[in-house]
Structure formats: structure tokens, C-alpha cells
$ cat start-v8.txt   # compact mmCIF, C-alpha atoms and all ligand atoms
# COMPACT_ATOMS: atom_id res chain seq x y z
CA MET L 1 1.67 5.32 -7.51
CA LYS L 2 -2.05 4.54 -7.77
CA ALA L 3 -3.25 1.57 -5.69
CA LYS L 4 -4.84 0.02 -8.81
CA GLU L 5 -1.46 -0.13 -10.54
CA LEU L 6 -0.08 -2.13 -7.62
CA SER L 7 -2.99 -4.56 -7.34
CA ASN L 8 -1.38 -7.22 -9.51
CA GLU L 9 1.81 -8.73 -8.15
CA TYR L 10 4.03 -10.70 -10.53
CA LEU L 11 7.09 -10.90 -8.27
CA HIS L 12 6.19 -12.22 -4.85
CA SER L 13 7.85 -11.83 -1.47
CA GLY L 14 9.73 -14.82 -0.06
CA HIS L 15 12.21 -14.78 -2.95
CA GLY L 16 15.87 -15.59 -2.42
CA CYS L 17 17.41 -12.14 -2.93
CA CYS L 18 19.76 -10.75 -0.27
CA PRO L 19 18.23 -8.20 2.17
CA GLY L 20 18.32 -4.71 0.64
CA CYS L 21 18.80 -5.92 -2.93
CA ALA L 22 17.44 -3.36 -5.40
CA MET L 23 16.82 -5.81 -8.25
CA PRO L 24 13.50 -7.30 -7.03
CA ILE L 25 12.19 -3.76 -6.39
CA VAL L 26 13.17 -2.76 -9.93
CA LEU L 27 11.56 -5.84 -11.48
CA ARG L 28 8.45 -5.76 -9.32
CA THR L 29 7.83 -2.22 -10.60
CA VAL L 30 8.66 -3.26 -14.17
CA PHE L 31 6.18 -6.14 -14.04
CA HIS L 32 3.46 -3.90 -12.58
CA ALA L 33 3.86 -1.64 -15.59
CA LEU L 34 3.94 -4.43 -18.18
CA GLY L 35 1.09 -6.56 -16.79
CA GLU L 36 0.44 -10.28 -16.98
CA GLN L 37 0.50 -10.65 -20.76
CA THR L 38 4.29 -10.62 -20.66
CA ILE L 39 6.94 -13.24 -21.38
CA ALA L 40 10.22 -12.79 -19.50
CA VAL L 41 13.47 -13.99 -21.08
CA ILE L 42 15.89 -14.58 -18.20
CA THR L 43 19.66 -15.09 -17.91
CA ALA L 44 21.81 -16.73 -15.23
CA GLY L 45 22.53 -13.70 -12.98
CA CYS L 46 20.98 -13.07 -9.55
CA PHE L 47 17.51 -12.76 -11.11
CA GLY L 48 17.87 -16.10 -12.87
CA THR L 49 18.90 -17.64 -9.56
CA ILE L 50 15.86 -16.44 -7.60
CA SER L 51 13.32 -16.93 -10.40
CA GLY L 52 14.48 -20.38 -11.49
CA THR L 53 14.03 -22.12 -8.15
CA PHE L 54 11.48 -24.81 -9.10
CA PRO L 55 8.89 -25.29 -7.63
CA VAL L 56 9.01 -22.07 -5.58
CA SER L 57 9.70 -19.44 -8.23
CA PRO L 58 8.51 -16.02 -6.99
CA ILE L 59 7.51 -14.83 -10.46
CA LYS L 60 4.01 -15.21 -11.84
CA LEU L 61 4.82 -14.67 -15.51
CA ALA L 62 5.67 -16.96 -18.39
CA ALA L 63 9.46 -17.25 -18.43
CA TYR L 64 12.15 -18.58 -20.72
CA ASN L 65 15.68 -19.15 -19.40
CA THR L 66 18.56 -18.73 -21.81
CA PRO L 67 22.38 -18.57 -21.65
CA PHE L 68 23.94 -15.09 -21.42
CA PRO L 69 25.36 -14.90 -24.96
CA SER L 70 21.98 -15.70 -26.52
CA ALA L 71 19.78 -13.44 -24.36
CA GLY L 72 19.40 -10.81 -27.09
CA ALA L 73 18.63 -13.46 -29.72
CA ALA L 74 16.20 -15.34 -27.45
CA GLY L 75 14.11 -12.17 -27.04
CA SER L 76 13.96 -11.89 -30.84
CA GLY L 77 13.02 -15.56 -31.14
CA VAL L 78 10.15 -15.40 -28.66
CA ARG L 79 8.86 -12.26 -30.41
CA ALA L 80 9.08 -13.96 -33.83
CA ALA L 81 7.18 -17.01 -32.54
CA LEU L 82 4.40 -14.79 -31.17
CA ASP L 83 4.21 -12.87 -34.46
CA ILE L 84 3.85 -16.11 -36.43
CA LYS L 85 0.92 -17.01 -34.16
CA GLY L 86 -0.60 -13.58 -34.85
CA ASP L 87 -0.12 -12.48 -31.22
CA THR L 88 0.78 -8.80 -31.23
CA LYS L 89 -0.50 -8.17 -27.69
CA THR L 90 2.03 -10.11 -25.62
CA THR L 91 5.05 -8.08 -24.46
CA VAL L 92 8.48 -9.72 -24.55
CA VAL L 93 11.05 -8.53 -22.03
CA THR L 94 14.62 -9.79 -21.81
CA ILE L 95 16.18 -9.25 -18.37
CA ALA L 96 19.93 -9.38 -17.77
CA GLY L 97 22.50 -8.01 -15.36
CA ASP L 98 25.44 -5.78 -16.26
CA GLY L 99 27.78 -8.75 -16.83
CA GLY L 100 25.21 -10.39 -19.10
CA THR L 101 24.64 -7.13 -20.97
CA PHE L 102 27.90 -5.11 -21.07
CA ASP L 103 30.18 -8.15 -21.52
CA ILE L 104 28.86 -11.66 -22.19
CA GLY L 105 25.72 -10.85 -24.20
CA ILE L 106 26.66 -7.69 -26.07
CA GLN L 107 26.88 -9.22 -29.54
CA ALA L 108 23.34 -10.68 -29.53
CA LEU L 109 22.05 -7.50 -27.90
CA SER L 110 23.65 -5.38 -30.62
CA ALA L 111 22.27 -7.63 -33.35
CA ALA L 112 18.70 -7.48 -31.98
CA ALA L 113 18.96 -3.69 -31.71
CA GLU L 114 20.35 -3.41 -35.25
CA ARG L 115 17.39 -5.44 -36.56
CA ASN L 116 15.09 -3.22 -34.47
CA ASP L 117 13.29 -6.30 -33.16
CA ASP L 118 10.12 -5.48 -31.28
CA TYR L 119 10.82 -6.20 -27.63
CA ILE L 120 12.14 -4.64 -24.41
CA TYR L 121 15.63 -5.38 -23.09
CA ILE L 122 16.21 -4.46 -19.44
CA CYS L 123 19.65 -4.35 -17.90
CA TYR L 124 19.71 -4.11 -14.09
CA ASP L 125 23.15 -2.79 -13.24
CA ASN L 126 24.66 -3.81 -9.89
CA GLU L 127 28.10 -3.02 -11.32
CA ALA L 128 29.70 -6.49 -11.03
CA TYR L 129 29.17 -10.24 -11.50
CA MET L 130 27.37 -10.54 -8.17
CA ASN L 131 25.82 -14.00 -8.40
CA THR L 132 29.22 -15.65 -8.83
CA GLY L 133 30.95 -13.71 -6.04
CA ILE L 134 31.47 -10.00 -6.86
CA GLN L 135 33.85 -10.17 -9.84
CA ARG L 136 34.45 -6.95 -11.79
CA SER L 137 32.55 -6.34 -15.03
CA SER L 138 32.99 -3.55 -17.58
CA ALA L 139 30.18 -1.79 -15.65
CA THR L 140 32.22 -1.66 -12.42
CA PRO L 141 33.19 1.99 -11.77
CA TRP L 142 36.78 3.22 -11.60
CA GLY L 143 38.32 2.86 -8.11
CA ALA L 144 35.93 0.15 -6.89
CA TRP L 145 36.97 -2.94 -4.94
CA THR L 146 35.72 -6.31 -6.18
CA THR L 147 37.09 -9.82 -5.56
CA THR L 148 39.01 -9.58 -8.87
CA THR L 149 40.07 -5.96 -8.28
CA PRO L 150 41.39 -6.24 -4.70
CA ALA L 151 42.56 -3.33 -2.53
CA ALA L 152 46.07 -3.35 -4.01
CA ASN L 153 44.75 -3.38 -7.58
CA LEU L 154 41.43 -1.52 -7.71
CA LYS L 155 39.39 -1.23 -10.92
CA ASN L 156 41.53 1.00 -13.11
CA GLN L 157 39.21 1.45 -16.10
CA PRO L 158 36.18 3.72 -16.39
CA LYS L 159 32.69 2.26 -16.62
CA LYS L 160 31.65 1.37 -20.17
CA ASP L 161 29.04 3.81 -21.53
CA ILE L 162 26.35 1.27 -22.44
CA VAL L 163 23.70 3.96 -22.97
CA GLN L 164 25.72 5.63 -25.72
CA ILE L 165 26.40 2.24 -27.30
CA MET L 166 22.67 1.56 -27.48
CA VAL L 167 21.84 5.11 -28.60
CA ALA L 168 24.33 4.65 -31.46
CA HIS L 169 22.09 1.83 -32.75
CA ARG L 170 19.40 4.53 -33.27
CA VAL L 171 16.70 2.34 -31.73
CA PRO L 172 13.31 3.94 -31.00
CA TYR L 173 13.75 4.12 -27.23
CA VAL L 174 16.60 4.09 -24.71
CA ALA L 175 16.05 5.15 -21.09
CA THR L 176 17.87 5.09 -17.76
CA ALA L 177 15.80 4.33 -14.64
CA SER L 178 16.06 4.14 -10.87
CA ILE L 179 13.99 2.64 -8.08
CA ALA L 180 14.44 5.91 -6.18
CA TYR L 181 12.05 7.37 -8.81
CA PRO L 182 9.42 4.61 -9.21
CA GLU L 183 6.84 6.76 -11.05
CA ASP L 184 9.48 7.63 -13.63
CA LEU L 185 10.42 3.94 -13.99
CA MET L 186 6.73 2.99 -14.34
CA ARG L 187 6.13 5.66 -17.00
CA LYS L 188 9.20 4.55 -18.95
CA MET L 189 8.08 0.91 -18.93
CA LYS L 190 4.63 1.87 -20.18
CA LYS L 191 6.20 3.99 -22.91
CA ALA L 192 8.48 1.08 -23.85
CA LYS L 193 5.46 -1.23 -23.99
CA GLU L 194 3.61 1.13 -26.36
CA THR L 195 6.61 1.82 -28.61
CA ARG L 196 7.20 -0.54 -31.57
CA GLY L 197 10.74 -1.72 -32.28
CA PHE L 198 13.69 -2.23 -29.94
CA LYS L 199 13.66 -0.68 -26.45
CA PHE L 200 16.57 -0.62 -24.01
CA ILE L 201 15.94 0.18 -20.33
CA TYR L 202 18.98 0.63 -18.13
CA ALA L 203 18.11 0.37 -14.41
CA PHE L 204 20.48 1.21 -11.55
CA SER L 205 20.53 -1.57 -8.94
CA PRO L 206 22.50 -1.01 -5.69
CA CYS L 207 23.83 -4.25 -4.14
CA PRO L 208 24.49 -4.13 -0.34
CA VAL L 209 26.62 -7.30 -0.38
CA GLY L 210 28.85 -6.41 -3.31
CA TRP L 211 29.08 -2.68 -2.65
CA ARG L 212 29.56 -3.21 1.09
CA PHE L 213 26.84 -0.93 2.46
CA SER L 214 24.15 -1.35 5.08
CA ALA L 215 20.97 -2.86 3.60
CA GLU L 216 18.62 -0.06 4.66
CA LEU L 217 20.56 2.45 2.50
CA THR L 218 19.56 0.98 -0.88
CA ILE L 219 17.00 3.59 -1.92
CA ARG L 220 19.04 6.44 -0.45
CA LEU L 221 22.08 5.41 -2.50
CA ALA L 222 19.93 5.04 -5.63
CA ARG L 223 18.67 8.60 -5.08
CA LEU L 224 22.17 9.92 -4.32
CA ALA L 225 23.47 8.39 -7.57
CA VAL L 226 20.96 10.52 -9.46
CA GLN L 227 21.42 13.65 -7.34
CA THR L 228 25.25 13.53 -7.60
CA LYS L 229 24.94 13.25 -11.44
CA ILE L 230 26.62 9.83 -11.29
CA PHE L 231 23.52 8.11 -12.73
CA PRO L 232 21.48 10.74 -14.64
CA LEU L 233 17.85 9.93 -15.43
CA TYR L 234 17.16 10.58 -19.11
CA GLU L 235 15.65 9.07 -22.23
CA VAL L 236 16.67 9.12 -25.88
CA GLU L 237 14.29 8.58 -28.78
CA ASN L 238 15.45 7.41 -32.22
CA GLY L 239 19.11 7.92 -31.35
CA GLU L 240 18.84 11.71 -31.15
CA ARG L 241 15.99 13.18 -29.11
CA TYR L 242 17.23 13.55 -25.50
CA THR L 243 15.08 14.39 -22.48
CA LEU L 244 16.43 14.89 -18.97
CA ASN L 245 13.85 13.53 -16.49
CA VAL L 246 15.29 14.70 -13.15
CA GLU L 247 17.36 17.84 -12.65
CA PRO L 248 20.08 16.76 -10.17
CA GLU L 249 21.01 18.91 -7.19
CA GLY L 250 24.70 18.30 -7.91
CA ILE L 251 25.51 16.85 -4.46
CA PRO L 252 29.29 16.07 -4.17
CA ALA L 253 30.14 12.53 -5.35
CA GLY L 254 31.74 11.74 -1.97
CA GLU L 255 28.29 11.68 -0.32
CA TYR L 256 27.44 8.70 -2.52
CA LEU L 257 30.84 7.00 -2.29
CA LYS L 258 31.47 7.21 1.47
CA PRO L 259 28.76 4.78 2.73
CA GLN L 260 30.12 2.10 0.37
CA GLY L 261 32.93 -0.15 1.58
CA ARG L 262 33.96 -0.93 -2.02
CA PHE L 263 35.36 2.62 -2.22
CA ALA L 264 37.16 2.41 1.15
CA PHE L 265 40.55 1.89 -0.53
CA LEU L 266 40.62 5.12 -2.53
CA LYS L 267 43.84 7.09 -2.08
CA GLU L 268 44.48 10.77 -1.69
CA GLY L 269 43.33 12.64 -4.77
CA ASP L 270 41.09 9.80 -6.01
CA LEU L 271 37.89 11.46 -4.80
CA GLU L 272 38.77 14.61 -6.74
CA ARG L 273 39.53 12.48 -9.81
CA ILE L 274 36.13 10.77 -9.54
CA GLN L 275 34.38 14.13 -9.12
CA GLU L 276 36.18 15.51 -12.20
CA ASN L 277 35.05 12.51 -14.19
CA VAL L 278 31.43 12.93 -13.03
CA ASP L 279 31.55 16.60 -14.07
CA ARG L 280 33.10 15.74 -17.45
CA GLU L 281 30.48 13.05 -18.20
CA TRP L 282 27.68 15.39 -17.15
CA LYS L 283 29.03 18.09 -19.49
CA ARG L 284 29.14 15.58 -22.35
CA LEU L 285 25.50 14.70 -21.73
CA MET L 286 24.49 18.37 -21.55
CA ASN L 287 26.39 19.06 -24.80
CA ARG L 288 24.44 16.30 -26.54
CA MET L 289 21.16 17.74 -25.28
CA GLU L 290 22.13 21.28 -26.34
CA SER L 291 23.33 20.26 -29.81
CA GLN L 292 19.98 18.55 -30.41
CA MET L 293 18.20 21.81 -29.48
CA LEU L 294 20.39 23.76 -31.91
CA GLY L 295 19.99 21.16 -34.66
C1 LIG U 1 28.47 -17.90 -20.74
C2 LIG U 1 28.54 -17.90 -19.25
N1 LIG U 1 29.62 -17.37 -18.64
C3 LIG U 1 29.69 -17.34 -17.30
C4 LIG U 1 28.67 -17.86 -16.55
C5 LIG U 1 28.78 -17.86 -15.01
N2 LIG U 1 27.92 -16.87 -14.42
C6 LIG U 1 26.73 -17.20 -13.85
S1 LIG U 1 25.97 -15.88 -13.12
C7 LIG U 1 27.26 -14.85 -13.53
C8 LIG U 1 27.25 -13.41 -13.10
C9 LIG U 1 26.55 -12.53 -14.06
O1 LIG U 1 26.65 -11.19 -13.68
P1 LIG U 1 25.49 -10.19 -14.05
O2 LIG U 1 25.00 -10.45 -15.42
O3 LIG U 1 26.00 -8.82 -13.76
O4 LIG U 1 24.31 -10.58 -13.06
P2 LIG U 1 24.29 -10.51 -11.44
O5 LIG U 1 24.79 -11.84 -10.96
O6 LIG U 1 25.17 -9.39 -11.02
O7 LIG U 1 22.85 -10.33 -11.11
C10 LIG U 1 28.25 -15.55 -14.24
C11 LIG U 1 29.52 -14.97 -14.72
C12 LIG U 1 27.56 -18.41 -17.20
N3 LIG U 1 26.51 -18.90 -16.52
N4 LIG U 1 27.51 -18.42 -18.56
MG MG U 2 25.76 -7.64 -12.11
$ encode --input "start-v8.txt" --output "C-alpha cells"
Amino acid sequence: MKAKELSNEYLHSGHGCCPGCAMPIVLRTVFHALGEQTIAVITAGCFGTISGTFPVSPIKLAAYNTPFPSAGAAGSGVRAALDIKGDTKTTVVTIAGDGGTFDIGIQALSAAAERNDDYIYICYDNEAYMNTGIQRSSATPWGAWTTTTPAANLKNQPKKDIVQIMVAHRVPYVATASIAYPEDLMRKMKKAKETRGFKFIYAFSPCPVGWRFSAELTIRLARLAVQTKIFPLYEVENGERYTLNVEPEGIPAGEYLKPQGRFAFLKEGDLERIQENVDREWKRLMNRMESQMLG
């Protein structure tokens, strides 16, 4: 990344995130790309907790806090207010976790996408309700421990495919992103900023506390998620044009799962089952990309 791009900080150190949390790294990069003429719409997850600590908020951007169910609508409202004032330059970005996006806020998110309202919605996915104590969400992967899916009763449903849900709205831009590939994340944010209409950015966000891994492994796990094909990096324009951004090495899924204590309760055969699912999902993605080339 060029030094000039990093010269303006909008998320400062000294914030209240846990050591090794990926979310402030994701959002620091996001804010670098969007610049200071940005209004952040914030929900009650971990980001809301660290950014709403008056008078020591670490963010240097205009911010609007809203309940989870209205996050999608609040982004639309801020955009509409700016439009009425004739301000087309300010970028609106709604930021929510996986619980706020996949579960609690999905109706307002869907409605804003259906109207193709002109703002960016970012979901940082740490795969559970972390701020309230590691409860499972519909983004928690199959076989994971959480406080509501204990060792004797691990998560028994697959992760909801939020990207396909958003792609089905045929919005101008949907992209997955990872802090292990910051240039890619930066480029996607700039593209989202330049694109008119609704944009959905889905950022992977490893959580050392909830996933039970050592804090220095955050970036390595983010990279392994991409390289094992568990979290592919790709973008989709107008609901149909797919581009794969990083060709994964296809490292076995176990390399990603083993450092994480939340997967310590898997039984014999579970690893193979997870690997089969990763391969099946990857094939589905490749089929979509191929059918677009044929069509
Ligand atoms: C409507 C509503 N339901 C529940 C809560 C309680 N709550 C506060 S933070 C949180 C966790 C949200 O999880 P997520 O969106 O994934 O963000 P994270 O904490 O993981 O960053 C919950 C359930 C709330 N504030 N509002
Ligand atoms: Mg979460």
C-alpha cells in the first residue's frame, strides 16, 4: 500500500477491541479507502461498543448509531437526507456484524438492496454474536463450538450463504474481502465508492476470543481461510458477472481448523465432512463462473 493512502487515520489506536481482533484492521483499511467525507452508520456489535465510547471514541468520522433491525433503513435514510441537501459527494457506509446482517437486520438490508439505494453496506463476519458472549449466529460454521452450541451439541447447520442472497438482489456490486489481502480490500472499497447504487462488502473477521486461537494468528488464519477455499475472494457485478480475485492453493481445511479451539470437539469423520462441503461449495462457485462465461 502506498504511504500516501495510509496518511489519514480514521480509526485510532487505543480502542477497546480485544488483542488480535481483525475487525479494527478491516475497518481501518476501509476508512483509508473511503476518506474523511464519509458517514458511518453503526450497529450494536463489537464495533458499536468500541466506537460509541463517549468521549474517547477511536473513530474520526461522522457516525450515526442505530438498532440492528433498522441498520439497512438507516443507511438509506442518511443517503436520502444528503441527496435532499444536494450532497452527492459524501459516502454513506453501514457497518454491521454477522448477527446484525445475517439474522437481526436482514429484512431492512434486503429492502435497501431491492430499492438499489446508493450506499455501501459492510458486514464484518466473526461468525457469532461476539459482543454478547459468543452465541451462535446463522454465520457460525457447521461443527463450531459457541456458548449456545456447546461441546455436546455443536452447530449442526451449515453457514448461511449471505453472498448468494445479496447477489440474488442483482445489486451493482457484491464483493468478499479479507485483511490478509489488504490491497484487494482497498481496491474493492474504492470501486464500491465509485459505483452508484447498492454495494455489499462481506469481510472475513477472525476473532481470537470466540474462535479460541492465539492472538498473533489472526492474519495467518485469514489467509488460510482464502487458501483452503473456505472463504474465496471474489466479486459479482449486477448479479451475474463473477470475478475470482485470488486463486487458492487448495490447502487442506484441517490446516485452518486445527489452530482454533472452537473446532476441538469435532469427532471422527467430521474433518472429512467439512472438507467435502468446502469442495462442494467451491465447485458451485466455479460452476457459476463457468456458466457466465458460456452465457
Ligand atoms: C434487536 C437487538 N437484539 C439483540 C441485541 C443484543 N446484542 C447486542 S450486540 C449483539 C451481538 C451482535 O453480533 P454481531 O452483529 O455478529 O456483532 P459482533 O458482536 O460479533 O461484533 C447482540 C445480540 C440488540 N442490541 N438489539
Ligand atoms: Mg459477529
$ atom_distance --input "start-v8.txt" --atom1 "CA of Ile201 (chain L)" --atom2 "CA of Tyr121 (chain L)"
6.2 Å
$ residues_around --input "start-v8.txt" --residues "Gln135 (chain L)" --least-positions-apart "6" --cutoff "10 Å" --atoms "all atoms listed in the file" --output "number ranges by chain"
L: 99, 127-129, 145-150, 210
$ closest_residue --input "start-v8.txt" --among "L:Ser110, L:Thr243, L:Thr101, L:Thr49" --to "ligand MG 2 (chain U)" --atoms "all atoms listed in the file"
L:Thr101
$ atom_distance --input "start-v8.txt" --atom1 "CA of Leu11 (chain L)" --atom2 "CA of Tyr202 (chain L)"
19.3 Å
$ residues_near_ligand --input "start-v8.txt" --ligand "ligand LIG 1 (chain U)" --cutoff "9 Å" --atoms "only C-alpha atoms and all ligand atoms" --output "JSON, numbers by chain"
{"L": [23, 43, 44, 45, 46, 47, 48, 49, 67, 68, 69, 70, 96, 97, 98, 99, 100, 101, 102, 103, 104, 105, 123, 124, 125, 126, 127, 128, 129, 130, 131, 132, 133, 134, 135, 136, 137, 139, 207]}
$ residues_around --input "start-v8.txt" --residues "Thr195 (chain L)" --least-positions-apart "2" --cutoff "10 Å" --atoms "all atoms listed in the file" --output "list in words"
Asp118, Tyr119, Ile120, Pro172, Tyr173, Met189, Lys190, Lys191, Ala192, Lys193, Gly197, Phe198 and Lys199 of chain L
